[in-house]
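Below is one structure, written out as structure tokens, with a few remarks after it.
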Amino acid sequence: MAKTKYIFVTGGVTSSLGKGIISASLAKLLQARGFSVTIQKLDPYINIDPGTLNPYEHGECYVTEDGVETDLDLGHYERFSNVPTSRDNNITTGQIYKTVIEKERKGEYLGSTVQVIPHITDEIKYRVKLLGNKGNYDIVITEIGGTVGDIESLPYIEAVRQMRWEMGNSCLVIHLTLVPYLAAAQELKTKPTQHSVKTMLEQGVQPDIIVCRTERPLNEGLKSKIALFCNVEVNSVIESIDAETIYDVPLLMQKEKLDLVVLKKLQLPTETEADLVKWEEFLYKFKHPSSEVTIGLVGKYVELKDAYKSISESFIHAGTVNDCRVNVKMIHSEILEEHGVEEYLKDLDGILVAPGFGIRGIEGKIMAIKYARENKIPFLGICLGMQCAVIEFARNVLGLDKANSTEFNTKTPFPVIDMMEEQKMISGLGGTMRLGKYKCTITPGTKAFSIYNHREIEERHRHRYEFNNKFSDRFTKAGMIQSGINSQGELVEIVEIPGHPWFVGVQFHPEYKSTVANPHPVFVNFVDAAKKFSHLRSEHEIDAKTSEKASTTE
Ligand code: GLN
């Protein structure tokens with residue numbers, strides 16, 4: 001195809017309407033019609049990336065293959081489209097200003113006054129077009145974070161206005177708004193949408209398509225009203241009704257013909273229908289599981305639903321492969337420290353100890369791991385979870401009771417987890433961890449090998465500390481082996497306990513790579529182990545009941 005087309009997705013009325021899911025769903029539909037599509041997120045905050053933000057501020061931090069800490073929406077993009085994103089897919093105001101200021105310092109503006117327009121807006125436009133030029137995509141979808149009317153998103157909307165003007169029908173704007181239902185009036189209300197579109201018009205942008213988030217169906221009358229007041233065609237008013245799962249949204253958008261309207265406006269071919277057979281199969285299996293398991297997710301941000309987003313989505317993908325609903329029970333590690341583990345963990349079919357930073361809640365995580373190890377409950381430790389598994393084993397099996405990570409105790413006599421050499425000289429926090437894709441070699445005959453069925457794998461990382469190889473032999477002899485190693489740096493990537501039915505710790509983050517089309521083997525295998533464990537337990541319970549009965553009737 002000749003030229004890349006650009007679609008902008010803006011949001012109005014409130015935040016959290018799901019621009020990311022709408023963008024990812026549209027990408028999925030266009031991709032299913034044969035177009036190559038990528039999605040980009042422009043975040044109007046001043047941080048260079050969300051890596052330095054805590055999860056209370058910004059939910060999970062997602063990591064791309066090329067090692068960039070990004071917005072969690074990129075996770076949705078990858079899970080829906082199955083295409084990896086990169087550093088070019090997430091741009092923040094901080095990055096834009098940093099580049100412009102650095103250029104100014106080098107004298108690249110040749111003495112002119114550096115201003116928001118044109119310098120900042122030019123940099124924004126350059127970053128949007130870069131993706132189209134570099135990736136050779138048919139379509140680039142750019143989601144603009146925040147809500148129209150925010151002061152900080154003004155330069156972005158101005159950049160959209162300019163691109164729209166320069167590119168004509170190679171560029172279009174989708175505006176996502178809310179149509180609230182007022183119970184007292186028993187009516188859906190279009191006024192907030194009208195106001196939101198007016199705000200865009202004040203900034204010089206006329207949306208081409210309006211997607212309306214709503215709890216109830218919009219009737220034709222309402223659609224016509226929105227069309228009339230917001231200067232769009234009736235078929236360009238798209239209903240986006242609350243869905244049972246985010247994975248329903250591509251199908252709902254297809255029913256509303258969002259993809260068709262977009263293609264017509266961009267003057268792209270519409271003959272090939274979207275092939276969503278695989279997606280529909282996935283949804284059917286997800287909604288009709290024949291079994292269920294409960295997996296405890298032990299972490300410290302359990303009240304934040306977005307803090308472990310990629311992990312919970314990975315369980316959805318893996319559950320579907322296993323024909324099984326995975327109930328994820330969030331367990332606060334500090335509660336375990338206070339109340340003990342038994343009550344919280346005894347009914348679980350699997351235990352996952354989450355990634356994280358800092359000492360808060362560490363002892364609770366270690367207690368949960370001890371319980372999983374001793375009771376032979378399937379266990380998966382991710383990043384910090386793997387490090388805690390190593391500490392637990394050192395303390396309770398090797399007898400090194402003061403063993404720790406130097407992240408939590410720099411003076412520990414047994415630093416079984418220690419800072420990586422290359423990290424010791426680094427002082428800044430932003431973007432300085434071991435980040436992104438690294439190769440790992442797996443030992444044949446191990447659990448890790450049976451999971452991946454490959455010797456060489458690649459997984460994404462986000463950490464500063466690692467397994468301390470000085471202790472390798474002691475661990476191996478006592479029954480915790482290192483089954484995956486980064487061949488360049490000799491870094492331990494996977495540990496496991498062969499004497500346990502399923503006990504695996506991974507230094508990397510498998511959750512960043514799980515997609516609908518490619519559920520991650522670590523999660524798929526873990527859920528399978530949880531299913532087996534649940535079976536075994538119910539058989540045990542039945543046996544115990546029958547023998548109890550037999551002994552009372554004797
Ligand atoms: N805090 C640990 C480290 O930096 C683990 C990080 C993580 O779980 N992502 O190594």
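Residue names in the structure tokens use chain letters A, B, ... in the order shown, residue numbers from 1 in each chain, and ligand numbers from 1 in the order shown.
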
Proximity of chain A to ligand 1: per-residue shortest pair, 9 Å limit, only C-alpha atoms and all ligand atoms, as a Markdown table:
```
| residue | atom | partner | partner_atom_place_in_ligand_line | distance |
| --- | --- | --- | --- | --- |
| A:Ala354 | CA | ligand 1 | 8 (O) | 7.0 |
| A:Pro355 | CA | ligand 1 | 8 (O) | 3.3 |
| A:Gly356 | CA | ligand 1 | 8 (O) | 4.0 |
| A:Phe357 | CA | ligand 1 | 1 (N) | 3.9 |
| A:Gly358 | CA | ligand 1 | 1 (N) | 6.2 |
| A:Ile359 | CA | ligand 1 | 1 (N) | 8.8 |
| A:Ile382 | CA | ligand 1 | 8 (O) | 6.6 |
| A:Cys383 | CA | ligand 1 | 8 (O) | 4.1 |
| A:Leu384 | CA | ligand 1 | 8 (O) | 3.7 |
| A:Gly385 | CA | ligand 1 | 8 (O) | 6.7 |
| A:Met386 | CA | ligand 1 | 8 (O) | 8.3 |
| A:Gln387 | CA | ligand 1 | 5 (C) | 7.3 |
| A:Ser405 | CA | ligand 1 | 2 (C) | 8.9 |
| A:Glu407 | CA | ligand 1 | 1 (N) | 7.0 |
| A:Ile417 | CA | ligand 1 | 10 (O) | 8.4 |
| A:Asp418 | CA | ligand 1 | 10 (O) | 8.3 |
| A:Met419 | CA | ligand 1 | 10 (O) | 7.4 |
| A:Met420 | CA | ligand 1 | 10 (O) | 8.6 |
| A:Met433 | CA | ligand 1 | 4 (O) | 7.4 |
| A:Arg434 | CA | ligand 1 | 4 (O) | 8.6 |
| A:His461 | CA | ligand 1 | 9 (N) | 7.4 |
| A:Arg462 | CA | ligand 1 | 9 (N) | 4.9 |
| A:His463 | CA | ligand 1 | 4 (O) | 3.7 |
| A:Arg464 | CA | ligand 1 | 4 (O) | 3.9 |
| A:Tyr465 | CA | ligand 1 | 10 (O) | 3.5 |
| A:Glu466 | CA | ligand 1 | 10 (O) | 6.1 |
| A:Gln507 | CA | ligand 1 | 8 (O) | 7.9 |
| A:Phe508 | CA | ligand 1 | 9 (N) | 7.9 |
| A:His509 | CA | ligand 1 | 9 (N) | 7.7 |
```

Selection near Glu496 in chain A, 9 Å with only C-alpha atoms, sequence-local residues under 6 positions removed, as a PyMOL selection string: chain A and resi 446-448+479-483+502-506

Extract, using only C-alpha atoms, all DNA, RNA and protein residues at most 10 Å from Tyr371 in chain A, discarding same-chain residues fewer than 6 positions from it, and format them as a CSV table (one decimal) with N, CA and C atoms, in the first residue's frame.
```csv
chain,number,residue,atom,x,y,z
A,341,VAL,N,-0.4,-17.9,57.4
A,341,VAL,CA,-0.8,-18.3,56.0
A,341,VAL,C,-1.9,-19.2,55.9
A,342,GLU,N,-2.1,-20.2,56.8
A,342,GLU,CA,-3.0,-21.3,56.7
A,342,GLU,C,-4.4,-20.8,56.2
A,345,LEU,N,-4.3,-19.6,52.5
A,345,LEU,CA,-3.7,-20.3,51.4
A,345,LEU,C,-4.2,-21.8,51.3
A,346,LYS,N,-4.9,-22.2,52.3
A,346,LYS,CA,-5.2,-23.7,52.4
A,346,LYS,C,-6.1,-24.2,51.3
A,351,ILE,N,-0.2,-21.1,43.8
A,351,ILE,CA,0.2,-19.8,44.5
A,351,ILE,C,1.2,-19.1,43.6
A,365,LYS,N,5.6,-12.9,51.7
A,365,LYS,CA,5.8,-13.6,50.5
A,365,LYS,C,6.6,-14.9,50.8
A,377,ILE,N,2.0,-27.5,46.8
A,377,ILE,CA,1.1,-26.7,46.0
A,377,ILE,C,1.8,-26.1,44.8
A,379,PHE,N,3.6,-23.8,42.5
A,379,PHE,CA,4.1,-22.4,42.8
A,379,PHE,C,4.8,-21.8,41.6
```

Could you write out, as an NGL selection string, all the residues of range 356-538 of chain A that DSSP marks as helix (DSSP H, G or I)? :A and (362-374 or 384-396 or 421-423 or 447-452 or 469-478 or 510-513 or 521-538)

Nearest to Ser170 in chain A among A:Glu158, A:Glu456, A:Asp43, A:Asp138, with distances taken over only C-alpha atoms: which residue is it?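 Between A:Glu158, A:Glu456, A:Asp43, A:Asp138, the residue approaching Ser170 in chain A most closely is A:Asp138.
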
Tell me which protein, DNA and RNA residues are within 8 Å of Cys212 in chain A, counting only C-alpha atoms, leaving out same-chain ones fewer than 6 positions away, and put them as a ChimeraX atom specification. /A:176-179,237-241

Based on the backbone DSSP call, show me all residues of range 375-496 of chain A assigned strand (DSSP E), as a compact mmCIF listing (two decimals) with N, CA and C atoms, in the first residue's frame.
```txt
# COMPACT_ATOMS: atom_id res chain seq x y z
N PHE A 379 3.57 -23.77 42.45
CA PHE A 379 4.06 -22.44 42.79
C PHE A 379 4.78 -21.82 41.60
N LEU A 380 4.44 -20.56 41.35
CA LEU A 380 5.17 -19.79 40.34
C LEU A 380 5.64 -18.49 40.97
N GLY A 381 6.93 -18.24 40.92
CA GLY A 381 7.48 -16.98 41.43
C GLY A 381 7.97 -16.16 40.25
N ILE A 382 7.51 -14.92 40.16
CA ILE A 382 7.95 -14.08 39.04
C ILE A 382 8.84 -12.96 39.56
N ASN A 404 19.30 -13.44 52.67
CA ASN A 404 18.42 -12.37 52.19
C ASN A 404 18.91 -11.87 50.84
N SER A 405 18.16 -10.90 50.31
CA SER A 405 18.61 -10.18 49.12
C SER A 405 19.25 -8.90 49.63
N PRO A 415 24.13 -13.32 51.12
CA PRO A 415 23.42 -12.56 50.07
C PRO A 415 23.08 -13.47 48.89
N VAL A 416 22.07 -14.31 49.05
CA VAL A 416 21.74 -15.28 47.98
C VAL A 416 21.18 -14.58 46.75
N ILE A 417 20.64 -13.39 46.96
CA ILE A 417 20.25 -12.53 45.84
C ILE A 417 21.06 -11.24 46.00
N ASP A 418 21.75 -10.87 44.94
CA ASP A 418 22.63 -9.71 45.07
C ASP A 418 22.49 -8.81 43.84
N MET A 419 22.94 -7.58 43.99
CA MET A 419 22.83 -6.65 42.87
C MET A 419 23.75 -7.08 41.73
N ARG A 434 17.92 -3.85 34.36
CA ARG A 434 18.12 -4.79 33.25
C ARG A 434 16.74 -4.91 32.62
N LEU A 435 16.59 -4.36 31.42
CA LEU A 435 15.26 -4.22 30.84
C LEU A 435 15.15 -4.88 29.47
N GLY A 436 14.02 -5.47 29.22
CA GLY A 436 13.73 -5.96 27.88
C GLY A 436 14.17 -7.40 27.65
N LYS A 437 14.27 -7.70 26.35
CA LYS A 437 14.44 -9.09 25.91
C LYS A 437 15.87 -9.61 26.08
N TYR A 438 16.01 -10.77 26.70
CA TYR A 438 17.31 -11.44 26.81
C TYR A 438 17.13 -12.92 26.51
N LYS A 439 18.22 -13.53 26.02
CA LYS A 439 18.17 -14.96 25.70
C LYS A 439 18.41 -15.78 26.96
N CYS A 440 17.83 -16.96 27.00
CA CYS A 440 18.04 -17.86 28.12
C CYS A 440 18.18 -19.28 27.56
N THR A 441 19.15 -20.03 28.09
CA THR A 441 19.34 -21.41 27.65
C THR A 441 18.80 -22.36 28.71
N ILE A 442 17.99 -23.30 28.28
CA ILE A 442 17.33 -24.20 29.23
C ILE A 442 17.99 -25.58 29.23
N GLU A 456 16.59 -22.74 23.58
CA GLU A 456 16.83 -21.29 23.59
C GLU A 456 15.50 -20.56 23.64
N ILE A 457 15.34 -19.71 24.63
CA ILE A 457 14.12 -18.90 24.68
C ILE A 457 14.52 -17.43 24.85
N GLU A 458 13.54 -16.56 24.70
CA GLU A 458 13.77 -15.13 24.94
C GLU A 458 12.64 -14.60 25.80
N GLU A 459 12.99 -13.90 26.87
CA GLU A 459 11.95 -13.35 27.72
C GLU A 459 12.34 -11.93 28.13
N ARG A 460 11.32 -11.19 28.64
CA ARG A 460 11.58 -9.79 28.99
C ARG A 460 11.87 -9.61 30.49
N HIS A 461 12.73 -8.67 30.75
CA HIS A 461 13.21 -8.46 32.13
C HIS A 461 12.92 -7.06 32.65
N ARG A 462 12.93 -6.97 34.01
CA ARG A 462 12.86 -5.65 34.65
C ARG A 462 13.34 -5.81 36.10
N HIS A 463 14.64 -5.81 36.29
CA HIS A 463 15.17 -6.00 37.65
C HIS A 463 16.61 -5.54 37.78
N TYR A 465 18.47 -6.99 40.68
CA TYR A 465 19.13 -8.01 41.50
C TYR A 465 19.03 -9.36 40.80
N GLU A 466 19.87 -10.30 41.25
CA GLU A 466 19.90 -11.61 40.59
C GLU A 466 20.37 -12.68 41.58
N PHE A 467 20.19 -13.91 41.18
CA PHE A 467 20.67 -15.06 41.95
C PHE A 467 22.20 -14.95 42.07
N ILE A 481 17.32 -26.49 41.63
CA ILE A 481 18.28 -26.39 40.53
C ILE A 481 18.07 -25.11 39.71
N GLN A 482 19.12 -24.73 39.01
CA GLN A 482 19.04 -23.57 38.11
C GLN A 482 18.85 -24.13 36.70
N SER A 483 17.63 -24.09 36.20
CA SER A 483 17.35 -24.78 34.94
C SER A 483 17.37 -23.88 33.72
N GLY A 484 17.53 -22.58 33.93
CA GLY A 484 17.62 -21.65 32.79
C GLY A 484 18.67 -20.61 33.10
N ILE A 485 19.62 -20.44 32.16
CA ILE A 485 20.75 -19.53 32.40
C ILE A 485 20.90 -18.60 31.20
N ASN A 486 21.20 -17.33 31.49
CA ASN A 486 21.55 -16.41 30.41
C ASN A 486 23.00 -16.68 30.04
N LEU A 491 23.81 -15.38 34.14
CA LEU A 491 22.77 -15.02 35.11
C LEU A 491 21.73 -16.13 35.17
N VAL A 492 21.28 -16.43 36.39
CA VAL A 492 20.27 -17.47 36.55
C VAL A 492 18.91 -16.88 36.19
N GLU A 493 18.22 -17.55 35.28
CA GLU A 493 16.92 -17.04 34.83
C GLU A 493 15.76 -17.87 35.35
N ILE A 494 16.01 -19.18 35.60
CA ILE A 494 14.92 -20.05 36.08
C ILE A 494 15.47 -20.94 37.20
N VAL A 495 14.70 -21.06 38.29
CA VAL A 495 15.04 -22.07 39.30
C VAL A 495 13.83 -22.99 39.45
N GLU A 496 14.07 -24.22 39.87
CA GLU A 496 12.95 -25.13 40.10
C GLU A 496 13.35 -26.18 41.13
```

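Compared by their closest atoms to Lys191 in chain A, and using only C-alpha atoms, the residues A:Val13, A:Thr113, A:Ile21, A:Glu65 rank with A:Val13 nearest.
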
Provide the CA of Ala159 in chain A to CA of Leu228 in chain A distance in Å, to one decimal place.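 Value for the CA of Ala159 in chain A-CA of Leu228 in chain A distance: 26.3 Å.
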
Quick one: contact table of range 189-274 of chain A to range 279-288 of chain A, 10 Å max, nearest atom pair and distance in Å to one decimal per residue, counting only C-alpha atoms, chain and number order, as JSON lines?
```
{"residue": "A:Glu244", "atom": "CA", "partner": "A:Lys287", "partner_atom": "CA", "distance": 9.7}
{"residue": "A:Thr245", "atom": "CA", "partner": "A:Leu283", "partner_atom": "CA", "distance": 9.2}
{"residue": "A:Tyr247", "atom": "CA", "partner": "A:Leu283", "partner_atom": "CA", "distance": 7.1}
{"residue": "A:Asp248", "atom": "CA", "partner": "A:Leu283", "partner_atom": "CA", "distance": 7.5}
{"residue": "A:Pro250", "atom": "CA", "partner": "A:Trp279", "partner_atom": "CA", "distance": 9.1}
{"residue": "A:Leu251", "atom": "CA", "partner": "A:Glu280", "partner_atom": "CA", "distance": 8.3}
```

Which residues come within 12 Å of Met367 in chain A, counting only C-alpha atoms, excluding same-chain residues fewer than 4 positions away, as JSON, numbers by chain? {"A": [298, 333, 334, 335, 336, 337, 338, 339, 340, 341, 342, 344, 345, 351, 353, 361, 362, 363, 371, 372, 373, 374, 385, 388, 389, 391, 392, 393, 395, 396]}

Considering only C-alpha atoms, return as a PyMOL selection string whatever protein or nucleic-acid residues lie within 8 Å of range 511-528 of chain A, sequence-local ones (same chain, fewer than 6 positions apart) excluded. chain A and resi 62-64+75+78-80+82+279+282+293+310-311+313-315+317-319+321-322+326+350+378-380+451-452+459-460+502

Residues from last step as file, C-alpha atoms, as a PDB file, in the first residue's frame:
```pdb
ATOM      1  CA  TYR A  62       4.625  -2.768  30.927  1.00  0.00           C
ATOM      2  CA  VAL A  63       7.991  -3.599  29.331  1.00  0.00           C
ATOM      3  CA  THR A  64       8.608  -3.891  25.592  1.00  0.00           C
ATOM      4  CA  GLY A  75       0.050  -4.635  27.018  1.00  0.00           C
ATOM      5  CA  GLU A  78       0.104  -6.663  22.183  1.00  0.00           C
ATOM      6  CA  ARG A  79      -2.406  -9.065  23.718  1.00  0.00           C
ATOM      7  CA  PHE A  80      -5.010  -8.139  21.091  1.00  0.00           C
ATOM      8  CA  ASN A  82      -0.053 -10.260  18.820  1.00  0.00           C
ATOM      9  CA  TRP A 279     -10.900 -14.937  18.323  1.00  0.00           C
ATOM     10  CA  PHE A 282     -11.079 -18.205  22.207  1.00  0.00           C
ATOM     11  CA  VAL A 293      -9.158 -23.477  39.759  1.00  0.00           C
ATOM     12  CA  SER A 310      -0.597  -8.639  32.531  1.00  0.00           C
ATOM     13  CA  ILE A 311      -0.607 -11.479  35.065  1.00  0.00           C
ATOM     14  CA  GLU A 313      -4.735 -11.439  31.517  1.00  0.00           C
ATOM     15  CA  SER A 314      -2.154 -14.240  31.142  1.00  0.00           C
ATOM     16  CA  PHE A 315      -4.342 -16.403  33.399  1.00  0.00           C
ATOM     17  CA  HIS A 317      -5.296 -16.899  28.081  1.00  0.00           C
ATOM     18  CA  ALA A 318      -3.859 -19.921  29.906  1.00  0.00           C
ATOM     19  CA  GLY A 319      -7.215 -20.883  31.419  1.00  0.00           C
ATOM     20  CA  VAL A 321      -6.123 -23.372  26.687  1.00  0.00           C
ATOM     21  CA  ASN A 322      -6.824 -25.583  29.709  1.00  0.00           C
ATOM     22  CA  VAL A 326      -8.917 -19.340  36.669  1.00  0.00           C
ATOM     23  CA  GLY A 350      -1.780 -22.726  43.009  1.00  0.00           C
ATOM     24  CA  PRO A 378       1.967 -25.585  42.471  1.00  0.00           C
ATOM     25  CA  PHE A 379       4.056 -22.437  42.789  1.00  0.00           C
ATOM     26  CA  LEU A 380       5.172 -19.791  40.342  1.00  0.00           C
ATOM     27  CA  ILE A 451       7.276 -26.210  29.625  1.00  0.00           C
ATOM     28  CA  TYR A 452       9.041 -24.574  26.686  1.00  0.00           C
ATOM     29  CA  GLU A 459      11.946 -13.346  27.725  1.00  0.00           C
ATOM     30  CA  ARG A 460      11.577  -9.788  28.992  1.00  0.00           C
ATOM     31  CA  TRP A 502       5.446 -27.839  40.190  1.00  0.00           C
TER      32      TRP A 502
END
```

Excluding Val173 in chain A and residues on its chain fewer than 4 positions from it, collect all residues at most 12 Å away from it, counting only C-alpha atoms, and give them as a PyMOL selection string. chain A and resi 5-11+23+140-144+157+159-161+163-165+168-169+197+200+204-211+232+236+261-262+265-266

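Counting from CA of Leu29 in chain A, the distance to CA of Met167 in chain A is 23.2 Å.
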
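Distance annotation: of A:Thr410, A:Lys225, A:Lys300, A:His175, the residue with the minimal separation from Gly364 in chain A is A:Lys300; atom set is only C-alpha atoms.
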
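Between CA of Tyr156 in chain A and CA of Gln40 in chain A there is a distance of 13.1 Å.
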
Which residue is closest to Gly18 in chain A? Choose from A:Pro50, A:Pro118, A:Gly145, A:Gly135 and count only C-alpha atoms.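 Nearest to Gly18 in chain A: A:Gly145.
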
Considering only C-alpha atoms, can you say which of A:Phe471, A:Leu276, A:Lys329, A:Lys532 comes closest to Ala403 in chain A?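 Looking only at the distances to Ala403 in chain A, the closest residue turns out to be A:Phe471.
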